[in-house]
Structure formats: C-alpha cells, structure tokens
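First comes the structure, then the notes that go with it.
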Amino acid sequence: MSNYKKWLGYLLFALILTVALLYYRFPSDALRDYLQSMAHRANPPLALSVDSLELSLPIGLKLLETQVALKDMPDRVLVRADSLLIRPQVWSLFRGKPVYRFHCVAYRGDLVGSVYVEKDDTRGFIDTKIDLRNIHVADHAYLSQLVGRHVEGTLDGTVSYKGQRNPLVDGSGQANLRVSQGRVELLQPFITLESIDFNVMEIEVVLKKQNVNLNRLELKGQQLHGTLSGTITLKQEFAKSRLDLKGTVEPFAGLFKGPAGTGDTVQFFKQRLKGGAFPVVIQGTVEEPKIEFK
C-alpha cells in the first residue's frame with residue numbers, strides 16, 4: 001500500500017509539472033500562426049488576425065484581440081472580439097464529432113454558444129447555436145456598411161444555423177432577436193423624419209433555401225408602432241437582396257412634435273389612417289428600398 005501511494009504521488013507530481021510547463025512554456029506564437037494559416041486555407045477571401053493566445057485551464061484556449069477582415073481590404077473588419085474562449089465538450093471527442101463551446105467578449109457584450117464543424121473540407125458542414133447578450137450594435141462598424149445605414153441599440157437574442165460553410169445562404173437557421181433603446185437611419189426620409197428612435201424592436205426570422213422569411217418584426221417607440229413580415233431573397237452581395245415586405249404603421253402623438261408636426265404631415269396621416277394604423281409595402285433592395293403607403 002505504501003508503494004502504491006508513493007507511485008500515485010509521483011504520478012500526480014508529474015501531471016502537475018506537465019501542466020505547469022505547458023502553461024508557462026506554451027508555444028503561443030507558433031499556434032497563433034497555425035490558426036491564422038488554417039483559417040486562410042478554409043476561406044481564402046478572409047484574413048484572421050490574433051494578437052495573442054493562451055491556455056485556459058482545465059481544457060481551453062483563449063484568443064485575445066481577434067478580428068476577421070477582408071484580405072484585399074484589411075480596413076474592412078467583419079468581426080472584432082476582445083477575447084474568445086474555446087473549450088471542447090469532452091464526451092463529444094470520444095464520439096468522433098467534436099463540439100466546441102465558446103464565450104466571446106465583443107462590442108461590450110457577450111456571445112455564448114457551441115459549434116460543430118465537420119472535418120470533411122469538401123462539405124464543411126456547420127451546426128451552431130449562439131446566445132447574444134448586451135451587444136452594442138453601433139460599435140459594429142461593418143454592420144452599418146452591410147445594411148447601408150446607421151443602426152444603434154443593444155442586441156439580445158438567439159441564433160442557430162445548420163448547413164454548409166460556403167455558401168452560408170444554402171443552409172437553414174433561425175433567429176429571435178430583440179434590440180432595445182435603438183435608432184435606425186432612414187435612407188429615404190419618412191415624412192420629415194431621417195431616423196426613427198424606438199424603445200424595443202423584436203425580430204423573428206427563418207433562413208431556408210436562400211430566403212429569409214421575416215415572420216415578425218415589431219417596433220415600439222414614442223413616435224410610432226410598426227409591424228412587418230414577408231420575405232427577403234438573399235443575393236451574394238447582401239445590399240442587393242430583394243425585399244417583399246408588408247406591414248402597418250400606427251403613429252403616436254410624439255411623431256407630430258417638432259418638424260414632423262407640420263400641416264402636411266397631419267394631412268398625410270388623416271388621408272391614410274384606418275382604425276388608427278395604415279398599411280405599408282416595402283419592395284426593391286436592401287440598399288434601395290421602395291416604400292409605398294396604401
């Protein structure tokens with residue numbers, strides 16, 4: 001029994017020493033270069049940049065100051081994260097289908113979820129689920145470029161996706177999102193408004209066969225209450241995606257305060273209001289929407 005305890009002590013000491021050596025002499029630079037190279041091979045148009053990385057005990061890897069940008073336009077950063085912690089689900093490793101948990105700190109908020117990426121590079125299947133918490137969308141500069149207008153607010157919600165890595169639009173997924181205390185810039189002025197402030201905007205969408213089915217978009221604010229539903233047909237360039245949306249707009253008294261409260265504005269609503277709201281149709285593209293009031 002004494003020999004058994006002695007050898008067990010040696011084993012524990014060796015294990016602790018090994019972990020300590022890995023932690024303090026971890027080849028972070030070599031692994032960082034490898035990850036950046038691997039990301040480029042997986043998606044040549046994009047460039048992954050990692051400032052530094054470190055081990056996270058018991059089993060994990062933490063990437064610091066990470067960003068993904070267009071390789072030919074490095075100033076156009078698609079995603080930037082303060083830190084990204086990745087841990088494998090241990091039991092999934094034994095099944096041969098590794099699932100990784102992650103916690104990303106970005107845009108003053110958190111993205112927490114899991115991802116499985118198929119090893120077969122020819123298919124590149126992805127299955128991921130993400131919880132978004134307190135994301136400040138105004139900090140995401142590329143988002144404004146993508147939708148072609150300035151957007152503010154705090155984003156929370158869930159996103160899930162299953163499908164091929166490239167192109168992503170061929171897969172399927174859904175999102176339930178909530179943006180609080182926000183503002184959205186209007187490319188075409190609505191009456192005299194160049195932007196709309198809102199308290200809450202809730203969105204429910206489903207991605208299937210290169211179409212985004214907008215099941216519900218509801219905007220609530222002091223100026224108006226609006227709803228939208230319909231279909232967005234995705235194109236390779238998101239700004240060219242086709243819109244086919246219908247909804248209603250219900251103006252509140254706050255809309256008629258200030259410049260919006262002109263006689264022409266009041267007359268506009270009097271002619272269209274039916275039961276306190278009037279219908280609206282949005283067609284065209286994301287970058288050039290065509291809005292028609294019925």
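Ligands are numbered from 1 in the order shown, residues from 1 within each chain, and chains are lettered A, B, ... in the order they appear in the structure tokens.
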
Can you write out as JSON lines which residues of stretch 51-164 of chain A fall within 12 Å of stretch 229-247 of chain A, alongside each residue's closest atom pair and its distance in Å to one decimal, counting only C-alpha atoms and ordering rows by chain and ascending residue number?
{"residue": "A:Leu143", "atom": "CA", "partner": "A:Phe238", "partner_atom": "CA", "distance": 11.1}
{"residue": "A:Ser144", "atom": "CA", "partner": "A:Ala239", "partner_atom": "CA", "distance": 11.0}
{"residue": "A:Gln145", "atom": "CA", "partner": "A:Ala239", "partner_atom": "CA", "distance": 9.1}
{"residue": "A:Leu146", "atom": "CA", "partner": "A:Ala239", "partner_atom": "CA", "distance": 6.6}
{"residue": "A:Val147", "atom": "CA", "partner": "A:Ala239", "partner_atom": "CA", "distance": 6.3}
{"residue": "A:Gly148", "atom": "CA", "partner": "A:Ala239", "partner_atom": "CA", "distance": 7.2}
{"residue": "A:Arg149", "atom": "CA", "partner": "A:Ala239", "partner_atom": "CA", "distance": 10.7}

Expected answer as a VMD selection string: strand (DSSP E or B) residues in stretch 102-281 of chain A: chain A and resid 102 to 106 109 to 117 125 to 136 151 to 164 172 to 190 193 to 208 211 to 220 224 to 233 242 to 251 274 277 to 281

For A:Glu152, list every protein, DNA or RNA residue within 7 Å, evaluated using only C-alpha atoms, and leave out those in the same chain fewer than 4 positions away; present the list as a count of residues only. 5

Figure out the distance between atom CA of A:Glu204 and atom CA of A:Ile135, please, to one decimal in Å. 17.5 Å

May I have the residues within 12 Å of A:Asn176 as a short mmCIF file (atom, residue, chain, number, x, y, z; two decimals) with C-alpha atoms, in the first residue's frame, using only C-alpha atoms and disregarding those fewer than 5 positions away in the same chain?
data_model
loop_
_atom_site.label_atom_id
_atom_site.label_comp_id
_atom_site.auth_asym_id
_atom_site.auth_seq_id
_atom_site.Cartn_x
_atom_site.Cartn_y
_atom_site.Cartn_z
CA LYS A 129 -26.19 27.84 -31.61
CA ILE A 130 -25.41 31.29 -30.19
CA ASP A 131 -26.83 33.42 -27.38
CA LEU A 132 -26.28 37.16 -27.81
CA LEU A 155 -28.97 43.49 -29.05
CA ASP A 156 -30.03 40.30 -27.25
CA GLY A 157 -31.36 37.03 -28.60
CA THR A 158 -30.59 33.60 -30.02
CA VAL A 159 -29.29 32.42 -33.40
CA SER A 160 -29.00 28.87 -34.75
CA MET A 201 -37.64 46.13 -31.82
CA GLU A 202 -38.34 42.38 -31.85
CA ILE A 203 -37.45 40.20 -34.84
CA GLU A 204 -38.25 36.57 -35.68
CA VAL A 205 -36.65 35.23 -38.87
CA VAL A 206 -36.10 31.84 -40.52
CA LEU A 207 -33.42 31.12 -43.15
CA LEU A 214 -39.40 37.52 -41.74
CA ASN A 215 -42.15 36.05 -39.60
CA ARG A 216 -42.40 39.10 -37.38
CA LEU A 217 -40.77 42.46 -36.93
CA GLU A 218 -42.40 44.69 -34.35
#

Mind the document's chain letters and residue numbers, and return as number ranges by chain the residues of stretch 131-262 of chain A that DSSP labels alpha helix (DSSP H). A: 141-147

Got a sec: who's within 10 Å of stretch 60-64 of chain A, counting only C-alpha atoms, leaving out chain neighbours fewer than 6 positions off, as a PyMOL selection string? chain A and resi 28+32+49-54+81-88+100-105

Residues from the last selection, N, CA and C atoms, saved as a tab-separated table (two decimals), in the first residue's frame:
chain	number	residue	atom	x	y	z
A	28	SER	N	2.65	29.76	-27.95
A	28	SER	CA	1.51	30.56	-28.40
A	28	SER	C	1.74	31.15	-29.79
A	32	ARG	N	-0.61	30.41	-32.90
A	32	ARG	CA	-1.32	31.54	-33.49
A	32	ARG	C	-1.11	31.58	-35.00
A	49	SER	N	-6.84	37.53	-37.76
A	49	SER	CA	-5.74	38.15	-37.04
A	49	SER	C	-5.94	37.94	-35.55
A	50	VAL	N	-4.93	37.37	-34.89
A	50	VAL	CA	-4.97	37.11	-33.45
A	50	VAL	C	-3.77	37.79	-32.81
A	51	ASP	N	-4.01	38.68	-31.86
A	51	ASP	CA	-2.90	39.38	-31.22
A	51	ASP	C	-2.08	38.43	-30.36
A	52	SER	N	-2.76	37.62	-29.54
A	52	SER	CA	-2.07	36.64	-28.69
A	52	SER	C	-3.07	35.60	-28.24
A	53	LEU	N	-2.56	34.48	-27.74
A	53	LEU	CA	-3.43	33.44	-27.21
A	53	LEU	C	-2.74	32.75	-26.05
A	54	GLU	N	-3.55	32.10	-25.23
A	54	GLU	CA	-3.03	31.45	-24.04
A	54	GLU	C	-3.90	30.27	-23.67
A	81	ALA	N	-13.23	40.92	-31.78
A	81	ALA	CA	-13.53	40.41	-30.44
A	81	ALA	C	-12.41	40.75	-29.48
A	82	ASP	N	-12.77	41.17	-28.28
A	82	ASP	CA	-11.76	41.42	-27.25
A	82	ASP	C	-11.13	40.11	-26.81
A	83	SER	N	-11.95	39.07	-26.66
A	83	SER	CA	-11.42	37.75	-26.28
A	83	SER	C	-12.38	36.68	-26.78
A	84	LEU	N	-11.82	35.50	-27.03
A	84	LEU	CA	-12.60	34.34	-27.47
A	84	LEU	C	-12.07	33.10	-26.76
A	85	LEU	N	-12.88	32.54	-25.88
A	85	LEU	CA	-12.51	31.35	-25.12
A	85	LEU	C	-13.20	30.14	-25.74
A	86	ILE	N	-12.41	29.11	-26.07
A	86	ILE	CA	-12.93	27.91	-26.72
A	86	ILE	C	-12.58	26.69	-25.87
A	87	ARG	N	-13.60	25.87	-25.60
A	87	ARG	CA	-13.39	24.62	-24.84
A	87	ARG	C	-14.13	23.49	-25.55
A	88	PRO	N	-13.51	22.31	-25.66
A	88	PRO	CA	-14.22	21.17	-26.25
A	88	PRO	C	-15.16	20.53	-25.24
A	100	TYR	N	-17.53	22.22	-29.79
A	100	TYR	CA	-16.76	23.19	-29.01
A	100	TYR	C	-17.70	24.25	-28.44
A	101	ARG	N	-17.53	24.52	-27.16
A	101	ARG	CA	-18.22	25.61	-26.50
A	101	ARG	C	-17.36	26.87	-26.61
A	102	PHE	N	-17.98	28.02	-26.73
A	102	PHE	CA	-17.20	29.25	-26.82
A	102	PHE	C	-17.89	30.38	-26.07
A	103	HIS	N	-17.07	31.32	-25.63
A	103	HIS	CA	-17.53	32.54	-24.97
A	103	HIS	C	-16.73	33.69	-25.56
A	104	CYS	N	-17.40	34.52	-26.31
A	104	CYS	CA	-16.75	35.64	-27.00
A	104	CYS	C	-17.20	36.95	-26.36
A	105	VAL	N	-16.22	37.78	-26.01
A	105	VAL	CA	-16.50	39.13	-25.49
A	105	VAL	C	-16.25	40.12	-26.62

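The coordinates place atom CA of A:Gly113 at 10.8 Å from atom CA of A:Asp127.
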
Write out as a list in words which residues come within 9 Å of A:Glu185 when counting only C-alpha atoms, dropping same-chain ones fewer than 6 positions away. Arg149, His150, Val151, Glu152, Glu194, Ser195, Ile196 and Asp197 of chain A

Exercise: A:Lys162 partners within 9 Å, only C-alpha atoms, chain neighbours under 2 positions left out, as a list of chain:residue names: A:Phe125, A:Ile126, A:Asp127, A:Thr128, A:Ser160, A:Gln164, A:Leu168, A:Gly171, A:Ser172, A:Gly173

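Picture a line from atom CA of A:Arg133 to atom CA of A:Leu111; it runs 6.3 Å.
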
Nearest to A:Arg76 by atom-to-atom distance, counting only C-alpha atoms, from A:His140, A:Arg165, A:Arg108, A:His225: A:His140
